[in-house]
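Notes for the one structure printed next.
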Amino acid sequence: MAKKLSHNPADYIVPLNINGLDGRMLHVPAPKNRNREILLIYGHHAMLERWWSLVQNLNEYGAVTMPDMPGFGGMDSFSKIGVPINIDSYADYLAAFIKLRYRRKRVSIMAISFGFVIVTRMLQRYPELTNKVDMLVSQVGFMHKDDFVYPRPRRDFYRWATRFFGTRPYAFVIRYFLLNKYVLRILYARLPNSKRRMIEVTPEEFEATIDTEVKIWQANDVRTHWITTSQFFTTDNCQQRIDLPVIHVASKYDHYFDNEIVKQHMLVVFKSYRKFLMQSKAHTPNILADKKATGVMLPPGLRRLLAKK
């Protein structure tokens with residue numbers, strides 16, 4: 001009889017060290033009669049525990065592995081080893097991870113939001129890795145700075161403001177004076193994008209959400225967070241083709257991206273494009289969403305494809 005899946009993500013988290021960077025990796029073995037290898041790449045402002053409910057869904061179709069990304073989830077930042085904090089560095093890191101982890105295996109890659117930007121750049125820099133990928137899934141991913149719904153003046157403001165926040169003195173002030181429950185409670189209750197993430201959240205859930213947000217903010221390297229945010233608004237992954245089809249899961253009510261423009265950019269790069277729509281009230285389900293609630297990220301059509309292998 002197959003071993004029952006634990007409800008505690010800590011049971012599946014192990015240390016991870018690549019090129020002198022220390023972090024963590026979550027790995028859940030495949031259930032009986034499932035041999036798909038799924039690599040889940042989380043997005044921005046994340047940690048392993050945040051996406052545990054999605055891992056529980058994916059594990060129905062195979063083994064799931066999710067590594068920390070440098071500067072996120074408590075992992076060391078690229079700054080520790082003198083590597084620039086940019087998309088190319090993340091692409092190189094992810095390529096090294098795949099080469100080590102999946103030497104003789106093919107892998108299904110599922111990447112969330114900014115995680116898909118990293119995966120795309122990796123496949124462009126390391127085209128030989130396309131032969132190892134048997135399925136490529138974008139979960140509300142994007143390709144280009146013009147995918148954002150914001151008008152250009154607003155994007156330019158965000159780009160320069162976040163780059164400013166990523167400088168050492170201001171990152172220090174933010175980390176040690178602003179990333180606490182009191183300040184974050186005020187910001188999440190008042191800022192438009194933050195309020196959108198709290199749709200249909202009860203007062204009790206709001207407090208629990210803030211507790212989780214504090215953990216994530218404090219686990220992430222502040223400079224990495226803001227520098228990568230600034231790079232959202234300069235991103236252009238449409239310069240090189242990738243010889244793979246892409247499956248894109250779009251959010252019906254995404255408050256960040258224009259789904260039609262994302263599609264156009266993906267068609268420029270990938271061999272083919274297939275879209276599934278998830279019924280989420282925002283870019284992704286709430287940070288406290290359980291397995292059932294996060295299940296919307298795997299629409300029925302995608303589930304059928306995952307079940308084929």
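Every chain in the structure tokens takes a letter, A first, then B, and so on in the order presented; its residues are numbered from 1, and the ligands are numbered from 1 following the presented order.
Taking the backbone of this structure through DSSP, the residues of region 178-299 of chain A that come out as strand (DSSP E or B) are Asp236, Ile242, Asp243, Leu244, Pro245, Val246, Ile247, His248, Val249, Ala250, Ser251, Phe257, Phe270, Lys271, Ser272, Tyr273, Arg274, Lys275, Phe276, Leu277 and Met278 of chain A.
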Can I get the residues of region 232-272 of chain A within 9 Å of region 108-119 of chain A, each with the closest pair of atoms and their distance in Å to one decimal, using only C-alpha atoms, sorted chain first then ascending number, as JSON lines?
```
{"residue": "A:Phe232", "atom": "CA", "partner": "A:Phe114", "partner_atom": "CA", "distance": 8.1}
{"residue": "A:Thr235", "atom": "CA", "partner": "A:Val117", "partner_atom": "CA", "distance": 8.4}
{"residue": "A:Asn237", "atom": "CA", "partner": "A:Val117", "partner_atom": "CA", "distance": 7.4}
```
(request) Please identify all polymer residues within 9 Å of Thr167 (chain A), counting only C-alpha atoms, omitting same-chain residues fewer than 3 positions from it, and present them as a list in words. (result) Arg163, Phe164, Tyr170, Ala171, Phe172, Arg223, Trp226 and Ile227 of chain A
Given the selection you just returned, output its residues as a file containing N, CA and C atoms, formatted as a PDB file, in the first residue's frame.
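Generated file (part-v7.pdb):
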```pdb
ATOM      1  N   ARG A 163      13.405  50.009  -7.974  1.00  0.00           N
ATOM      2  CA  ARG A 163      14.875  49.972  -8.079  1.00  0.00           C
ATOM      3  C   ARG A 163      15.504  50.814  -6.964  1.00  0.00           C
ATOM      4  N   PHE A 164      14.867  51.909  -6.642  1.00  0.00           N
ATOM      5  CA  PHE A 164      15.327  52.757  -5.544  1.00  0.00           C
ATOM      6  C   PHE A 164      15.230  52.010  -4.211  1.00  0.00           C
ATOM      7  N   TYR A 170      18.142  51.770   1.724  1.00  0.00           N
ATOM      8  CA  TYR A 170      16.688  51.752   1.831  1.00  0.00           C
ATOM      9  C   TYR A 170      16.171  50.338   2.065  1.00  0.00           C
ATOM     10  N   ALA A 171      16.832  49.341   1.473  1.00  0.00           N
ATOM     11  CA  ALA A 171      16.448  47.952   1.724  1.00  0.00           C
ATOM     12  C   ALA A 171      16.617  47.609   3.204  1.00  0.00           C
ATOM     13  N   PHE A 172      17.668  48.135   3.815  1.00  0.00           N
ATOM     14  CA  PHE A 172      17.904  47.896   5.243  1.00  0.00           C
ATOM     15  C   PHE A 172      16.782  48.500   6.080  1.00  0.00           C
ATOM     16  N   ARG A 223      16.506  43.307  -0.885  1.00  0.00           N
ATOM     17  CA  ARG A 223      17.102  43.822  -2.129  1.00  0.00           C
ATOM     18  C   ARG A 223      16.704  42.962  -3.318  1.00  0.00           C
ATOM     19  N   TRP A 226      13.031  43.765  -4.387  1.00  0.00           N
ATOM     20  CA  TRP A 226      12.779  45.003  -5.108  1.00  0.00           C
ATOM     21  C   TRP A 226      13.518  45.076  -6.434  1.00  0.00           C
ATOM     22  N   ILE A 227      14.734  44.555  -6.488  1.00  0.00           N
ATOM     23  CA  ILE A 227      15.475  44.568  -7.758  1.00  0.00           C
ATOM     24  C   ILE A 227      14.753  43.731  -8.810  1.00  0.00           C
TER      25      ILE A 227
END
```
(request) Please provide the set of residues having any atom within 12 Å of Tyr182 (chain A), restricted to only C-alpha atoms, with same-chain residues fewer than 3 positions apart removed, written as JSON, numbers by chain. (result) {"A": [177, 178, 179, 185, 186, 187, 188, 189, 207, 210, 211, 213, 214]}
What would the file look like if the residues just selected were written as an mmCIF file, in the first residue's frame with C-alpha atoms?
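So out_27.cif came out as:
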```cif
data_model
loop_
_atom_site.group_PDB
_atom_site.id
_atom_site.type_symbol
_atom_site.label_atom_id
_atom_site.label_comp_id
_atom_site.auth_asym_id
_atom_site.auth_seq_id
_atom_site.Cartn_x
_atom_site.Cartn_y
_atom_site.Cartn_z
ATOM 1 C CA PHE A 177 11.562 49.018 10.328
ATOM 2 C CA LEU A 178 8.664 48.387 7.947
ATOM 3 C CA LEU A 179 8.266 44.616 7.557
ATOM 4 C CA ARG A 185 -1.740 45.342 8.203
ATOM 5 C CA ILE A 186 -2.179 49.010 7.248
ATOM 6 C CA LEU A 187 -0.712 48.575 3.762
ATOM 7 C CA TYR A 188 -2.729 45.479 2.915
ATOM 8 C CA ALA A 189 -5.931 47.166 4.035
ATOM 9 C CA GLU A 207 -5.255 38.451 10.463
ATOM 10 C CA ILE A 210 -1.054 39.086 7.561
ATOM 11 C CA ASP A 211 0.804 36.657 9.846
ATOM 12 C CA GLU A 213 2.681 37.650 4.761
ATOM 13 C CA VAL A 214 5.016 38.809 7.540
#
```
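Considering the residues A:Ile261, A:Leu123, A:Met278, A:Val107 and counting only C-alpha atoms, Arg36 (chain A) has its shortest atom-to-atom contact with A:Val107.
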(message) Just want the 9 Å neighbourhood of Thr162 (chain A), counted on only C-alpha atoms, with same-chain residues fewer than 3 positions away dropped. Output as a list in words.
(response) Phe157, Tyr158, Arg159, Phe165, Gly166, His225, Trp226, Ile227, Thr228, Thr229 and Ser230 of chain A
Written selection (N, CA and C atoms) as a PDB file, in the first residue's frame:
```
ATOM      1  N   PHE A 157       7.014  54.464 -13.302  1.00  0.00           N
ATOM      2  CA  PHE A 157       7.115  54.849 -11.896  1.00  0.00           C
ATOM      3  C   PHE A 157       7.467  53.646 -11.031  1.00  0.00           C
ATOM      4  N   TYR A 158       6.773  52.523 -11.240  1.00  0.00           N
ATOM      5  CA  TYR A 158       7.049  51.309 -10.471  1.00  0.00           C
ATOM      6  C   TYR A 158       8.486  50.838 -10.689  1.00  0.00           C
ATOM      7  N   ARG A 159       8.947  50.930 -11.936  1.00  0.00           N
ATOM      8  CA  ARG A 159      10.306  50.450 -12.244  1.00  0.00           C
ATOM      9  C   ARG A 159      11.356  51.241 -11.464  1.00  0.00           C
ATOM     10  N   PHE A 165      14.102  51.304  -3.987  1.00  0.00           N
ATOM     11  CA  PHE A 165      13.931  50.530  -2.756  1.00  0.00           C
ATOM     12  C   PHE A 165      14.967  49.416  -2.643  1.00  0.00           C
ATOM     13  N   GLY A 166      15.506  48.975  -3.774  1.00  0.00           N
ATOM     14  CA  GLY A 166      16.473  47.886  -3.774  1.00  0.00           C
ATOM     15  C   GLY A 166      17.898  48.305  -3.478  1.00  0.00           C
ATOM     16  N   HIS A 225      14.014  41.178  -3.624  1.00  0.00           N
ATOM     17  CA  HIS A 225      12.593  41.415  -3.912  1.00  0.00           C
ATOM     18  C   HIS A 225      12.412  42.657  -4.788  1.00  0.00           C
ATOM     19  N   TRP A 226      13.031  43.765  -4.387  1.00  0.00           N
ATOM     20  CA  TRP A 226      12.779  45.003  -5.108  1.00  0.00           C
ATOM     21  C   TRP A 226      13.518  45.076  -6.434  1.00  0.00           C
ATOM     22  N   ILE A 227      14.734  44.555  -6.488  1.00  0.00           N
ATOM     23  CA  ILE A 227      15.475  44.568  -7.758  1.00  0.00           C
ATOM     24  C   ILE A 227      14.753  43.731  -8.810  1.00  0.00           C
ATOM     25  N   THR A 228      14.289  42.550  -8.427  1.00  0.00           N
ATOM     26  CA  THR A 228      13.560  41.721  -9.389  1.00  0.00           C
ATOM     27  C   THR A 228      12.215  42.352  -9.760  1.00  0.00           C
ATOM     28  N   THR A 229      11.562  43.004  -8.812  1.00  0.00           N
ATOM     29  CA  THR A 229      10.320  43.707  -9.147  1.00  0.00           C
ATOM     30  C   THR A 229      10.582  44.769 -10.205  1.00  0.00           C
ATOM     31  N   SER A 230      11.664  45.522 -10.053  1.00  0.00           N
ATOM     32  CA  SER A 230      12.016  46.534 -11.044  1.00  0.00           C
ATOM     33  C   SER A 230      12.208  45.909 -12.425  1.00  0.00           C
TER      34      SER A 230
END
```
(request) Take CA of Ile247 (chain A) and CA of Met266 (chain A) and report the distance between them in Å, one decimal. (result) 9.8 Å
(request) Within 8 Å of region 3-19 of chain A, counting only C-alpha atoms, which residues show up once you throw out same-chain ones fewer than 4 positions away? Write them as a ChimeraX atom specification, please. (result) /A:23-28,31,49,52,67,93,97
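Compared by their closest atoms to Ala96 (chain A), and using only C-alpha atoms, the residues A:Leu129, A:Lys80, A:Leu184, A:Tyr256 rank with A:Leu129 nearest.
Comparing A:Arg101, A:Lys32, A:His248, A:His44 by their smallest distance to Thr65 (chain A), the closest is A:Arg101 (using only C-alpha atoms).
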